[in-house]
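Peer 1: One structure, as structure tokens, below. Some questions next.
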Amino acid sequence: MVASRISARCYQIIFLLFVLALARLAYSQAGLEAHRSWDFSVWAAGETGEEHLNSFSEAQIFSTGMFAGKILTGEVGRGWRRGRFEYGINIIPVFRQVRPQSIYGGGVEPVILRWNSSLYAARVDPYIELAGGAIRTNTNLPTGNTSSFNFTARGGGGIQIFTRPRRSIDIACRWSHVSNANLGVKNPEFNGIQVSVGYHWFK
């Protein structure tokens with residue numbers, strides 16, 4: 001119940017930010033991302049969620065990583081649906097669970113599908129994305145007769161706040177899922193909300 005309320009609140013905030021962007025409709029044809037094709041960033045994220053118990057504060061995870069993305073299309077679509085499609089990957093050298101136990105590891109997200117909106121307000125540019133990958137940890141995650149190798153899935157969105165024409169700060173909120181797809185005897189899941197902050201360079 002608590003998890004669903006927080007998840008709903010997170011998506012309400014993203015929707016509000018998107019509406020604010022639409023309130024000052026401006027097409028990016030001559031805008032901030034008109035000539036970019038490559039997208040590189042470093043980021044840090046924190047997430048909280050549930051594993052064995054029905055408690056959204058049961059487990060907390062901290063991670064950092066490096067992102068590389070390639071803009072695959074020009075502007076497509078019409079009106080508020082207009083945007084660019086981007087494919088990316090994440091390398092995650094730091095994956096650390098601090099509660100309910102101390103676990104560390106790393107991973108990769110080889111599939112990140114991002115839709116960058118062609119509408120922005122001032123220096124704010126919204127996006128939505130889906131991502132999938134895997135992580136390896138020093139012990140089973142979650143605890144118990146599970147697995148030290150897990151698959152990950154994320155979905156959500158965020159905003160790019162451009163500090164310069166080819167530099168931006170990225171703030172995002174996503175639903176996050178971790179499970180072993182029955183590689184272990186048991187397959188409990190981590191489900192939670194992730195909040196991240198990143199810094200981007202566009203080429």
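By convention in this document, the chains of the structure tokens carry letters A, B, ... by their order, each chain's residues are numbered from 1, and ligands are numbered from 1 in the order they are shown.
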So which bits of stretch 2-201 of chain A end up helix (DSSP H, G or I) when you DSSP the backbone, as a list of chain:residue names?
Peer 2: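 Those residues are A:Val2, A:Ala3, A:Ser4, A:Arg5, A:Ile6, A:Ser7, A:Ala8, A:Arg9, A:Cys10, A:Tyr11, A:Gln12, A:Ile13, A:Ile14, A:Phe15, A:Leu16, A:Leu17, A:Phe18, A:Val19, A:Leu20, A:Ala21, A:Leu22, A:Ala23, A:Ser28, A:Gln29, A:Ala30, A:Gly79, A:Trp80, A:Arg81.
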Peer 1: Return the single residue from A:Thr152, A:Gln97, A:Gln160, A:Ser63 that is closest to A:Ile128, with distances computed using only C-alpha atoms.
Peer 2: A:Gln160
Peer 1: Measuring atom to atom with only C-alpha atoms, identify which of A:Gln101, A:Ser117, A:Ser196, A:Thr64 is nearest to A:Phe85.
Peer 2: A:Ser117
Peer 1: Quick one: of A:Ile89, A:Ile171, A:Ile103, A:Ala59, who's nearest to A:Thr137, counting only C-alpha atoms?
Peer 2: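 Checking each candidate against A:Thr137, we get A:Ile103 as the closest.
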Peer 1: Between A:Leu53, A:Ala172, A:Ala122, A:Val178, which residue has the minimum interatomic distance to A:Gly107, considering only C-alpha atoms?
Peer 2: A:Val178
Peer 1: Using only C-alpha atoms, can you tell me which of A:Ile169, A:Val42, A:Leu141, A:Ala153 comes closest to A:Lys186?
Peer 2: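 Checking each of A:Ile169, A:Val42, A:Leu141, A:Ala153 against A:Lys186, counting only C-alpha atoms, the winner is A:Leu141.
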Peer 1: Taking only C-alpha atoms into account, name the residue in A:Thr73, A:Asn54, A:Ser168, A:Asn90 that is nearest to A:Glu189.
Peer 2: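 Going through A:Thr73, A:Asn54, A:Ser168, A:Asn90 one by one, the smallest distance to A:Glu189 is for A:Asn54.
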Peer 1: Which value, in Å to one decimal, gives the distance between atom CA of A:Phe151 and atom CA of A:Phe56?
Peer 2: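 Calculated distance between atom CA of A:Phe151 and atom CA of A:Phe56 is 20.1 Å.
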